[in-house]
Amino acid sequence: MSAELHLGTYLRRVGLDRVPEANLAGLRALHFAHATAIPFENLDIQLGLPIHLDLPALQAKLVLRRRGGYCFEHNTLFQAVLKAIGFQAIACEARVRLGAPTVLPRTHMLLLVTVNEIPWLCDVGFGGEGLLHPVPMDGEAHPQFLNAYRVITEGGLKVLQSYHHGAWEDLYAFEPEARWPIDFEMANHFTSTHPESRFVKTLTAQLPGPEVRRLLRNRAYAELRGDQAEGRELAQEELLPLLRKVFGIEVPDGARFRALMG
């Protein structure tokens, strides 16, 4: 176990009372617990604060301060937890395709975890549209509560897809090869600072659950239940209370987010 990782504190953060076994059942339990307990959010970027990917910083933010983060933060922490428990886990880079009108840079991080010589796609950092459980890369449809996912092959790439309104749609594409932490440092710098980055231009908080997936983008709030969506535009004074109550994120009074400042 890494000397830096406080596994017991992490497990309490995600609502688990014991260390899962390093098998498929343990992986599924851990993935579900993390994905449904720690929100996906970019508040620090919106507040002009840097995003640090070292393990002490991630534990301080996501675990001790009970904040959330985006893919690099979630999956870097999750990979450390997996390795501490005894799983084989590698990190890969992906190009997001969901809602993209053109080819995007490789600015998403995911994990491949091998159990009994079978690789499973694990990703606790794709927000409200993301996985609750790991998915095998067998091309078959795998229901997860009100959603379904599959991983198909496209040349040398693997593509994660979700099923909505009678059709499969691409979420992201990746090469199933390990990348180094410095690769994610580069992508993290771009994603958190480039003026055209969606995370610089848009405030977001997202939290998936088995029955409802909650998404906030700027002041548009939506709850998704499979293919059914309900949403509305929030008044300015509703924003901070909603972040606190719905997503469990403590936000200082008077916080000003760059995407909402015109």
# chains A, B, ... in the order shown; residues from 1 in each chain; ligands from 1
>>> residues_around(residues="A:Glu140", least_positions_apart="2", cutoff="7 Å", atoms="only C-alpha atoms", output="PyMOL selection string")
chain A and resi 138+142+150
>>> residues_around(residues="A:Thr204", least_positions_apart="2", cutoff="9 Å", atoms="only C-alpha atoms", output="count of residues only")
12
>>> select_by_dssp(residues="stretch 24-172 of chain A", states="strand (DSSP E)", output="MDAnalysis selection string")
chainID A and resid 40:41 88:96 106:115 118:122 135:136 142:144 147:154 157:164 167:172
>>> closest_residue(among="A:Asp123, A:Glu21, A:Glu185, A:Glu250", to="A:Val135", atoms="only C-alpha atoms")
A:Asp123
>>> residues_around(residues="stretch 68-76 of chain A", least_positions_apart="6", cutoff="10 Å", atoms="only C-alpha atoms", output="ChimeraX atom specification")
/A:34-35,37-45,51-55,57-59,61-62,91,107-111,122-127,181,184-185,187-188,191-192,199,204-207,247-249
>>> closest_residue(among="A:Gln228, A:Asn116, A:Gln46, A:Thr36", to="A:Met261", atoms="only C-alpha atoms")
A:Gln46
>>> closest_residue(among="A:Tyr221, A:Phe32, A:Trp120, A:Phe87", to="A:Leu16", atoms="only C-alpha atoms")
A:Phe32
>>> closest_residue(among="A:His165, A:Asp183, A:Pro20, A:Leu171", to="A:Gly128", atoms="only C-alpha atoms")
A:Leu171
>>> closest_residue(among="A:Cys92, A:His133, A:Leu47, A:Val212", to="A:Leu260", atoms="only C-alpha atoms")
A:Leu47
>>> select_by_dssp(residues="stretch 74-261 of chain A", states="helix (DSSP H, G or I)", output="PyMOL selection string")
chain A and resi 74-85+127-129+181-193+198-201+236-245+258-260
>>> write_last_selection(atoms="C-alpha atoms", output="tab-separated table (two decimals), in the first residue's frame")
chain	number	residue	atom	x	y	z
A	74	HIS	CA	-11.12	11.24	-9.98
A	75	ASN	CA	-9.27	8.58	-11.92
A	76	THR	CA	-5.80	9.41	-10.57
A	77	LEU	CA	-7.15	8.94	-7.04
A	78	PHE	CA	-9.13	5.85	-8.04
A	79	GLN	CA	-6.09	4.25	-9.67
A	80	ALA	CA	-4.09	4.74	-6.47
A	81	VAL	CA	-6.87	3.10	-4.47
A	82	LEU	CA	-7.12	0.18	-6.89
A	83	LYS	CA	-3.38	-0.47	-6.76
A	84	ALA	CA	-3.38	-0.25	-2.96
A	85	ILE	CA	-6.03	-2.98	-2.81
A	127	GLY	CA	-19.63	12.88	-14.92
A	128	GLY	CA	-23.37	12.43	-15.22
A	129	GLU	CA	-23.20	10.46	-18.48
A	181	PRO	CA	1.43	10.77	-15.36
A	182	ILE	CA	3.21	13.56	-17.29
A	183	ASP	CA	0.79	12.97	-20.19
A	184	PHE	CA	-2.10	13.78	-17.89
A	185	GLU	CA	-0.28	16.77	-16.42
A	186	MET	CA	-0.09	18.21	-19.95
A	187	ALA	CA	-3.75	17.47	-20.67
A	188	ASN	CA	-4.77	18.81	-17.26
A	189	HIS	CA	-2.96	22.10	-17.91
A	190	PHE	CA	-4.73	22.53	-21.26
A	191	THR	CA	-8.13	21.54	-19.94
A	192	SER	CA	-7.99	23.73	-16.85
A	193	THR	CA	-6.44	26.88	-18.39
A	198	ARG	CA	-15.20	23.65	-22.05
A	199	PHE	CA	-14.20	23.56	-18.38
A	200	VAL	CA	-13.01	27.16	-18.52
A	201	LYS	CA	-16.09	28.30	-20.43
A	236	GLN	CA	-28.75	33.24	-9.61
A	237	GLU	CA	-29.65	32.99	-5.92
A	238	GLU	CA	-30.52	29.28	-6.29
A	239	LEU	CA	-27.08	28.25	-7.54
A	240	LEU	CA	-25.03	28.00	-4.34
A	241	PRO	CA	-27.79	26.33	-2.30
A	242	LEU	CA	-28.25	23.73	-5.06
A	243	LEU	CA	-24.51	22.98	-5.20
A	244	ARG	CA	-24.56	22.41	-1.46
A	245	LYS	CA	-27.79	20.42	-1.18
A	258	ARG	CA	-15.88	32.97	-14.39
A	259	ALA	CA	-18.37	31.33	-16.78
A	260	LEU	CA	-21.21	33.34	-15.20
>>> atom_distance(atom1="atom CA of A:Leu98", atom2="atom CA of A:Gly130")
11.1 Å
